[in-house]
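Asks: Have a look at the structure that comes next, please.
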Amino acid sequence: MRTQNRVASLLVAAVLCAPLTLAACSSGSSGSSSTSGSSGTSSSSGSSGSSGGDYQVGLSVDLSGPLASLGGPMRDGYASYFKQVNADGGINGHQVHLNVLDDQSTPTLGVANVKQFISQDNVSVIGALLSNVLVAAAPVAVANETPIMSNGTPNSSVFPAQPYVFAAGTLVGDEPGPMIQFASDRGEPAAAKVGIIMIQSAALSGFNSNLVKLSQQKGWKVVVNQQIPLTATSATSEALAAAHAKPNVIFCALLDPLFISAVKTLRQEGFTGLVINYDGGAAASTLQQLHDPNVAVISAYGYAGEVGATTGIAGYVEAAKAYGVNPSLPFEINGYAQAEIIATALKVCGYPCAGKNMENALEQVSSLNTGGVMVAPFTFSTTAHSGISGVQFFGWSSADNAPKAVSAVLPIPHIS
């Protein structure tokens with residue numbers, strides 16, 4: 001067992017390697033970081049393999065590409081949860097071994113990672129971050145009867161329920177429903193003019209079409225619809241176009257840096273109305289930096305340090321700190337929640353657990369109460385492979401210097 005000092009040195013090495021080529025940090029073809037939650041140990045390895053009587057879990061995330069700022073914290077959320085579980089004796093008397101591979105937000109690497117998880121690591125289940133990776137890799141997982149669970153999932157991947165494919169996060173194609181409800185509750189007029197600014201991805205194509213459809217059904221008019229490449233570093237020009245169209249409310253699907261640049265530009269151009277962002281750009285640091293009472297973000301997860309934090313959030317913060325990571329980073333709590341979903345299924349499944357048995361166990365995760373880590377109970381079933389049942393809107397409380405819920409928990413029904 002490696003010491004915690006060894007952990008720290010490896011984490012520093014990983015940070016220093018980030019700007020370099022992936023081959024410089026790993027002997028594997030697509031990069032591998034094998035993480036054992038029992039000690040928080042991380043090591044670079046080309047093939048981690050199955051170890052003894054451990055449960056094996058795979059995770060494909062971006063660790064060195066354009067979304068590494070999300071993938072790294074998501075990995076740490078997984079690792080924090082499993083470290084805690086293993087310290088308490090594991091699941092059904094067995095430890096959980098987390099195998100992590102870097103996909104750099106690239107579908108081809110995601111496919112290679114899934115193949116390695118299945119052929120070398122003999123995993124029970126695979127976690128993923130991005131919708132584009134899920135879409136490319138899911139057929140491989142399905143063909144090998146290995147459940148795959150993604151934070152970002154297009155509606156079409158789980159509606160109707162597809163064998164072995166699960167959505168652990170919010171379906172962004174369904175987010176327009178509660179977003180429009182929240183805007184309406186905040187007093188937007190009956191004939192509101194709507195602006196849209198969003199990045200382009202597989203999942204977000206459904207977000208755009210459903211947002212336009214629901215706006216029109218409500219009698220609102222979409223006056224500007226700006227879309228940005230995933231690799232963009234600024235949303236200034238798109239925000240300028242949106243401000244000049246003079247909407248009443250602007251809906252965004254932007255990662256945090258793009259959202260910050262968009263809101264700042266909108267305000268500089270005189271737009272004072274409500275700006276709502278999707279769950280992919282909901283970091284506490286973003287809310288704090290904008291410090292804007294007319295900015296809100298949708299989320300299925302709570303926040304470390306939020307006003308009125310629950311016992312589940314307190315447990316998450318404790319686990320993250322025990323693992324040595326910052327619990328306030330974006331998508332870390334998402335990974336922690338996914339790990340809890342997987343652990344719940346493994347308890348049901350017994351040991352060993354793989355293939356159809358793991359799929360059946362996931363389908364028995366019902367009314368999972370995470371104590372506020374997720375703002376509403378989480379449920380899979382044989383006919384529903386998307387488990388998020390509710391979302392909440394958050395803003396920044398200047399008085400408390402913390403994120404704060406600015407709505408009740410709202411249902412997030414599927415939009416067909």
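By order in the structure tokens, chains are A, B, ...; within a chain, residues start at 1; ligands start at 1, following the order shown.
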List every residue of range 78-286 of chain A that DSSP, applied to the backbone of this structure, places in strand (DSSP E), and write the result as number ranges by chain.
Replies: A: 96-102, 125-128, 148-150, 165-167, 193-199, 221-228, 249-253, 274-277
Asks: Just the residues within 8 Å of Thr310 in chain A, please, counting only C-alpha atoms, with nothing from its chain fewer than 4 positions along; format it as a short mmCIF file (atom, residue, chain, number, x, y, z; two decimals) with all heavy atoms, in the first residue's frame.
Replies:
data_model
loop_
_atom_site.label_atom_id
_atom_site.label_comp_id
_atom_site.auth_asym_id
_atom_site.auth_seq_id
_atom_site.Cartn_x
_atom_site.Cartn_y
_atom_site.Cartn_z
N ALA A 314 -22.84 17.68 4.02
CA ALA A 314 -21.78 17.65 5.03
C ALA A 314 -20.93 16.38 4.89
O ALA A 314 -19.70 16.42 5.01
CB ALA A 314 -22.38 17.75 6.42
N GLY A 371 -29.54 12.53 0.88
CA GLY A 371 -29.43 13.53 1.94
C GLY A 371 -29.08 14.92 1.44
O GLY A 371 -28.50 15.72 2.16
N GLY A 372 -29.44 15.20 0.17
CA GLY A 372 -29.21 16.53 -0.38
C GLY A 372 -28.06 16.61 -1.35
O GLY A 372 -27.86 17.65 -1.98
#
Asks: Write out as a PyMOL selection string which residues come within 10 Å of Gln338 in chain A when counting only C-alpha atoms, dropping same-chain ones fewer than 6 positions away.
Replies: chain A and resi 74+77-78+81+127-128+149-151+167-169+344
Asks: Would you kindly return, as a list in words, each protein, DNA or RNA residue with an atom no farther than 10 Å from any atom of Gly152 in chain A, considering only C-alpha atoms and excluding same-chain residues fewer than 5 positions away?
Replies: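 Result of the neighbour search: Ala128, Leu129, Leu130, Ser131, Asn132, Val133, Leu134, Val135, Ala167, Ala168, Gly169, Thr170, Leu171, Val172, Ser201, Ala202, Ala203, Leu204 and Gly280 of chain A.
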Asks: Out of range 159-301 of chain A, which residues get alpha helix (DSSP H) from DSSP, as a PDB file with C-alpha atoms, in the first residue's frame?
Replies:
ATOM      1  CA  PRO A 176     -35.864  23.579 -20.683  1.00  0.00           C
ATOM      2  CA  GLY A 177     -39.084  22.573 -18.867  1.00  0.00           C
ATOM      3  CA  PRO A 178     -38.082  23.669 -15.349  1.00  0.00           C
ATOM      4  CA  MET A 179     -36.002  26.542 -16.785  1.00  0.00           C
ATOM      5  CA  ILE A 180     -39.045  28.068 -18.440  1.00  0.00           C
ATOM      6  CA  GLN A 181     -41.141  27.399 -15.336  1.00  0.00           C
ATOM      7  CA  PHE A 182     -38.577  29.172 -13.155  1.00  0.00           C
ATOM      8  CA  ALA A 183     -38.428  32.165 -15.510  1.00  0.00           C
ATOM      9  CA  SER A 184     -42.204  32.370 -15.521  1.00  0.00           C
ATOM     10  CA  ASP A 185     -42.327  32.173 -11.720  1.00  0.00           C
ATOM     11  CA  ALA A 202     -24.800  15.710 -28.966  1.00  0.00           C
ATOM     12  CA  ALA A 203     -26.922  16.182 -25.864  1.00  0.00           C
ATOM     13  CA  LEU A 204     -27.471  19.907 -26.344  1.00  0.00           C
ATOM     14  CA  SER A 205     -29.110  19.584 -29.755  1.00  0.00           C
ATOM     15  CA  GLY A 206     -32.152  18.301 -27.865  1.00  0.00           C
ATOM     16  CA  PHE A 207     -31.845  21.136 -25.350  1.00  0.00           C
ATOM     17  CA  ASN A 208     -32.062  23.697 -28.139  1.00  0.00           C
ATOM     18  CA  SER A 209     -34.990  22.144 -29.987  1.00  0.00           C
ATOM     19  CA  ASN A 210     -36.973  21.577 -26.780  1.00  0.00           C
ATOM     20  CA  LEU A 211     -36.276  25.097 -25.496  1.00  0.00           C
ATOM     21  CA  VAL A 212     -37.534  26.581 -28.759  1.00  0.00           C
ATOM     22  CA  LYS A 213     -40.574  24.279 -28.766  1.00  0.00           C
ATOM     23  CA  LEU A 214     -41.599  24.984 -25.166  1.00  0.00           C
ATOM     24  CA  SER A 215     -41.036  28.726 -25.558  1.00  0.00           C
ATOM     25  CA  GLN A 216     -43.343  28.804 -28.562  1.00  0.00           C
ATOM     26  CA  GLN A 217     -45.954  26.718 -26.741  1.00  0.00           C
ATOM     27  CA  THR A 236     -18.436  37.636 -26.262  1.00  0.00           C
ATOM     28  CA  SER A 237     -19.619  37.910 -29.871  1.00  0.00           C
ATOM     29  CA  GLU A 238     -22.621  35.672 -29.243  1.00  0.00           C
ATOM     30  CA  ALA A 239     -23.560  37.670 -26.138  1.00  0.00           C
ATOM     31  CA  LEU A 240     -23.310  40.900 -28.131  1.00  0.00           C
ATOM     32  CA  ALA A 241     -25.752  39.523 -30.699  1.00  0.00           C
ATOM     33  CA  ALA A 242     -28.088  38.373 -27.943  1.00  0.00           C
ATOM     34  CA  ALA A 243     -28.049  41.738 -26.147  1.00  0.00           C
ATOM     35  CA  HIS A 244     -28.772  43.633 -29.358  1.00  0.00           C
ATOM     36  CA  ASP A 256     -18.475  28.133 -16.694  1.00  0.00           C
ATOM     37  CA  PRO A 257     -15.784  30.250 -18.446  1.00  0.00           C
ATOM     38  CA  LEU A 258     -18.070  30.882 -21.416  1.00  0.00           C
ATOM     39  CA  PHE A 259     -20.992  31.701 -19.141  1.00  0.00           C
ATOM     40  CA  ILE A 260     -18.916  34.246 -17.232  1.00  0.00           C
ATOM     41  CA  SER A 261     -17.811  35.975 -20.428  1.00  0.00           C
ATOM     42  CA  ALA A 262     -21.375  35.960 -21.767  1.00  0.00           C
ATOM     43  CA  VAL A 263     -22.943  37.467 -18.636  1.00  0.00           C
ATOM     44  CA  LYS A 264     -20.275  40.159 -18.339  1.00  0.00           C
ATOM     45  CA  THR A 265     -20.773  41.139 -21.965  1.00  0.00           C
ATOM     46  CA  LEU A 266     -24.555  41.157 -21.618  1.00  0.00           C
ATOM     47  CA  ARG A 267     -24.356  43.479 -18.631  1.00  0.00           C
ATOM     48  CA  GLN A 268     -21.852  45.766 -20.369  1.00  0.00           C
ATOM     49  CA  ALA A 284     -20.077  27.890  -7.076  1.00  0.00           C
ATOM     50  CA  SER A 285     -17.063  29.960  -8.119  1.00  0.00           C
ATOM     51  CA  THR A 286     -18.985  31.187 -11.172  1.00  0.00           C
ATOM     52  CA  LEU A 287     -21.918  32.353  -9.059  1.00  0.00           C
ATOM     53  CA  GLN A 288     -19.503  34.027  -6.672  1.00  0.00           C
ATOM     54  CA  GLN A 289     -17.560  35.745  -9.440  1.00  0.00           C
ATOM     55  CA  LEU A 290     -20.683  37.072 -11.164  1.00  0.00           C
TER      56      LEU A 290
END
Asks: So which one's closest to Arg75 in chain A, A:Asn155, A:Asn334, A:Asn277, A:Thr383? Using only C-alpha atoms, please.
Replies: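 Among A:Asn155, A:Asn334, A:Asn277, A:Thr383, it is A:Asn334 that comes nearest to Arg75 in chain A.
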Asks: Would you work out the distance separating CA of Val123 in chain A from CA of Tyr55 in chain A, expressed in Å to one decimal?
Replies: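 One can read the CA of Val123 in chain A to CA of Tyr55 in chain A distance as 7.4 Å.
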